[in-house]
Every structure is written in C-alpha cells, then in structure tokens.
Amino acid sequence: MEKLIEQFSVGLFFWQTILFLVLVFILKKYAWKPILDSVSEREDTIRESLESAEKAKKDLTELQSKNESLIIEAKIERDALLKEAREIKDKIVSDAKGEAKEEADKIVQAAHAAIEAQKAGAIAEMKSEMASLSISIAEKIIRKELSSDEQQKSLANELVADLKLN
Amino acid sequence: MSTKKNIYFCTKFRIVNRQVIMQFTRALFFLAVLVLIQPVFLTASGHAEHASDSTESTQVANQEPAQEGMSMKQEIKAHIQHHLQDGHDFHLYTDTETNTHVGFPLLVILLDDGIQVFSSSRFHHGESVAESNGNFYALHHGKVYKTDAAGTFEMHDGHVHNEKPLDFSITKNVFSIMAFALILILLFTGAARSYKKSLVPSGSARFLEPLIIFVRDEIAIPNIGEKHYKRFMSYLLTVFFFIWLVNLFGLTPLGINVTNSISVTFALAVMTFVITQFSGKKEYWKHIFWMPGVPVPMKILLAPIELLGVFIKPFALLIRLYANITAGHIVLMSLIGLMFIFHSWIGSTLSFGLSVFISFIELLVAALQAYIFTMLTALYFGSAVAEHEDH
C-alpha cells in the first residue's frame, strides 16, 4: 500500500485527467456521434426495408386474391348476361310467332267472310234465276194445262211460296 | 424492389463480415509477430540497461554504496523495476559499449518557485544535476528531487528525504497518453468520415464498427438500459478503446506502460466515480441511505456499508486494472529474465516458449481488462440511473 502511494504521481494524474477529458470530447464530437448515428440510421433503414418488403409481399397476395375474386365475379356476370340474352331471344321469337299467327288468323277470317258473302250472293242470284226459270217452265207447262189466267196465277204463287221454304 | 435491395444489403454485410474477420486475423498476426520479437528485443536492451543503472548509482546517488558487479538476478530485478517506472525522457535502449542512450528528452515542468520548465536532457539520464533559475534538481528512481548544486541526497533508511517539487512534467507516460489520444482521434475520426459517403462501412470502420456495436449492445444497453445508455456511450467507448490500445502497446517492445501507473487508473476510476455520482437519481441515493424493503434497524446498519461501497467500487476498478497489467508485465519480464539465469539451451528455450505463451495470454488480458473496466463502469452508471429495481 505504501509503495502504491509512493508510486502515485500528481502530475501524471493531472495530465491523464485533462488529456482523457479532451479525448472524450473530441471523439464524442467527431467520431462517436457520427458513427453511432450512422449505425442506427442504417439499422433503421434495414428494418424499414424489411418491413416494406414484408408489406409488399402481403399486398401482392392480397392483390392476387382480389384478382381471383374479380375473375369469378366476371364469370358469374358473363353467365348471367348470356342467360338474359337467351331469354330475350326466346321472347322475340315467340312474340314474332304469335303475331304471325294472329295475322294469319285475320287473313283467314277475312277470306271466310268474303267467301260467305259471295256464297250468299250466289245463292240469292241462283234463287231469283231459279224462280224466273221455274216461272218460265211453269208458264209453259201451265199454258198447256190451264186455260184461265186466274188458275195459272194462284198455282204460280203456290209454287213460289214453296220455293222460299226451301 | 425493396426486397431486392435487402438481399443486396445482406450479401454485402456477409462479405463485409468475412473481410472484417480477415482484417482482424491480419491484425492479430501482426501483434503476434510483435510479441514474438519482444523477448529478442528486450534481451538486447536488457544488458544495456544494467550498465546505465550502475553508472547512475555511482554518479548521482553518491551516498549509496557503489554496486559494481551486480548479480544477474539483481540486474533483472532492476531492469523490471525500471521498465515498470515512468520516466522523464523517452528512453528506448542504452548501448553499453559506448554508453549512449537511444531515445529523446521530454519537457520537465515543476511547480517550485513559480514554474520551472526545462528539457529533461539537462538530467543526462539521471547522471547530472539540472539547474533552472538558480534551483537544482536531480533524479532518484525516476522522481525529481530538489538538491544542492552537487546533487546530494539526504538518505534515511533507504528513503530520500530531499524536498520534492510538484512535478507536472511531460513524462514518458504523459507523452504516450498524448500519442495514444492522437492515434485514437485519427483512427476514429477517419472511421467516422467513411460513413459520410455511404451507410455501409468502409476502410478501418469495417473493423472498428463491430467493436463499437459490441460496446453498445453487450456492455452499454444490458447494464444501463435502453432508455439512458446514449448519454454514457462517449465515455464508455473512449474508456474501452483507450485502455485496450494502451494495454496492447504495453506489450510491444517500445516499453510503454501507461495502465500500470496507479495515477492513470486512478484518474480513470475518479472519472467513473464522478459521472456515477452526478448522474445518480433519487432511487440510487435512496438505495444507499435508506434501503427500501428492509426493516428500519437494517436500514441504519446498511447505510454506512452502502456508502463505503460507493467508494470501494471505483477503488476496486483502479486496483484491478493496475494490478492485472503490472502483474502481467512482471511475469513476462521475469520469464524473459529467466532465459539469462538458466544459461542452458533447455531452460532458456523453455522460458522463451513460456514467455511467448504468456505474451499471448497478455494479449487476451489487454482486451479483457478493457472490457471489464468498461463493463463495470457501465454497471455503476446503470445502478445510478435505474428508476425502479426488482427485488
């Protein structure tokens, strides 16, 4: 212990303290601060880029799943559109068919009416023709059989009435 | 895009790591070579040292009996003593044949009758009395004493009783500390500059950055905590690299021993002590004077013990560093000395091998002591700023 105290030098203690404090302050300003700052800055950069990479990866998978759902949706929509188109086509075809049938029916009806009218005309004409023809026939017959006009006329009326009943 | 950048970062770091390891191995190899040379180097100067020591004792310490023909053991002991001591000139070795000293003088600054400033060359390596403004000074065992013009020492029981002026000289250790400070500043500001170009370290920063991160992640954060550690980083990093560098240079044949001066370790411990007390929070003082969670009589009993602990902690810090490095140097120097005592090729070879082995251990101790000092300093800081402790 005595030897230790004897070895102690105030001058060396003084210089060591002064020099060391100066060293600490110079190194703090020009070395430790810039080095430690750069190191922590780099560590931050690495951490951030790792995180952003992770995030990008997550985004990508999210995007992929989104794409898939979009494709599925599009498929569903396309199917629905196709179905609708088919329905519309069917409707148009059936509508056209119905209209055509109606028109045809109308034409047939008109034809029927025309035929009916012509038939009635022909029958009436035929009736009057037959009447005059039968009168002429009857006149010729009766002329021979009937002498008087009165007998002849009543016979003719009788015949005409019979004809109407037919 | 960002993922790609990451991969780039990762591979780049792997490459950098490999390069760091290679550089580190190269540095280790260089140190190993230095250490290997040391015994050879020191043996050369070992013989030389003895001559100058003996001349000193005959010429200056004229009241001491002349020790002509010192035995080999005494010679080695004196050499080790000399090696462990601080000096007033930067002495590398002495040539016995021509009695010339290789080295350079340093500035002597004494607080005695005002300030006396003169070059240590006036002492002529302790062989003559230096005169400054009518005052006379002489060296005895590396210390400056005030003497008369003839350089007489008043000796009682082997102790010099001359007046000792306050010595603020730029001694060998002070000069070394200045040199180390300069080396550290150049090294780390150079490393800091490389970060301006890019965040990826280049040059010396590649080697230094893992060490800085080690101090931050393994020493500062676990002991001080994430919240407060930033304030102490400058001190911790400086202490760590200063002690390590100084310890490593102590192992080179330059013979610089800074951390085995008690004054240096004392100064470091005082700084740790002062910073600890000044950053001490309410909890810290409460744990010293009024320990929570124990009965009142125990609180009273614990207070003086805890208060004593406040001073013992930095004291242990300074003694540990001083004793470890000094012991290492003594063991190493003794083993080198054994080579000359054995005087046989088996014994000398054996102690040579042993000294190389111890040198490698000392390399480890150099880093270990820097680590322990920094680690304990961080621990004390941590206890000072702790906000609540778990019991």
# chains A, B, ... in the order shown; residues from 1 in each chain; ligands from 1
$ interface_residues --of "chain B" --to "chain A" --cutoff "8 Å" --atoms "only C-alpha atoms" --output "number ranges by chain"
B: 2-3, 5-6, 9, 166-169, 171, 173-174, 177-178, 181, 185, 188-189, 191-192, 195, 199-200, 233-235, 237-238, 261-264, 266-268, 271
$ closest_residue --among "B:Ala179, B:Val108, B:Met333, B:Met375" --to "Val246 (chain B)" --atoms "only C-alpha atoms"
B:Ala179
$ residues_around --residues "Ile243 (chain B)" --least-positions-apart "2" --cutoff "8 Å" --atoms "only C-alpha atoms" --output "compact mmCIF listing (two decimals) with N, CA and C atoms, in the first residue's frame"
# COMPACT_ATOMS: atom_id res chain seq x y z
N VAL B 239 -13.23 5.00 -22.97
CA VAL B 239 -12.54 4.21 -21.96
C VAL B 239 -12.12 2.86 -22.54
N PHE B 240 -13.06 2.21 -23.21
CA PHE B 240 -12.79 0.88 -23.75
C PHE B 240 -11.61 0.91 -24.72
N PHE B 241 -11.68 1.80 -25.71
CA PHE B 241 -10.64 1.80 -26.73
C PHE B 241 -9.31 2.35 -26.19
N LEU B 245 -6.09 -0.06 -26.32
CA LEU B 245 -4.95 0.37 -27.13
C LEU B 245 -3.70 0.51 -26.26
N VAL B 246 -3.87 1.12 -25.08
CA VAL B 246 -2.73 1.33 -24.19
C VAL B 246 -2.17 -0.02 -23.73
N ASN B 247 -3.06 -0.94 -23.39
CA ASN B 247 -2.62 -2.28 -22.96
C ASN B 247 -1.86 -2.98 -24.08
N THR B 259 -1.10 1.89 -18.37
CA THR B 259 -2.13 1.38 -17.46
C THR B 259 -1.52 0.71 -16.24
N ALA B 366 -5.19 -7.89 -22.16
CA ALA B 366 -5.28 -6.49 -22.60
C ALA B 366 -6.72 -6.15 -22.98
N GLN B 369 -9.23 -6.75 -19.77
CA GLN B 369 -9.25 -5.69 -18.75
C GLN B 369 -9.99 -4.46 -19.26
N ALA B 370 -9.81 -4.16 -20.56
CA ALA B 370 -10.56 -3.04 -21.14
C ALA B 370 -12.05 -3.33 -21.05
$ select_by_dssp --residues "region 123-310 of chain B" --states "alpha helix (DSSP H)" --output "ChimeraX atom specification"
/B:172-197,204-214,221-224,229-250,262-279,282-289,296-310
$ closest_residue --among "B:Ala386, B:Thr100, B:Ser198, B:Leu208" --to "Lys282 (chain B)" --atoms "only C-alpha atoms"
B:Ala386
$ atom_distance --atom1 "CA of Pro105 (chain B)" --atom2 "CA of Ser176 (chain B)"
13.2 Å
$ closest_residue --among "B:His159, B:His343, B:His101, B:Arg320" --to "His124 (chain B)" --atoms "only C-alpha atoms"
B:His101
$ residues_around --residues "Glu387 (chain B)" --least-positions-apart "3" --cutoff "9 Å" --atoms "only C-alpha atoms" --output "NGL selection string"
:B and (281-284 or 383-384)
$ atom_distance --atom1 "CA of Thr276 (chain B)" --atom2 "CA of Phe381 (chain B)"
5.3 Å
$ closest_residue --among "B:Ile330, B:Leu350, B:Ala220, B:Val310" --to "Glu362 (chain B)" --atoms "only C-alpha atoms"
B:Ile330
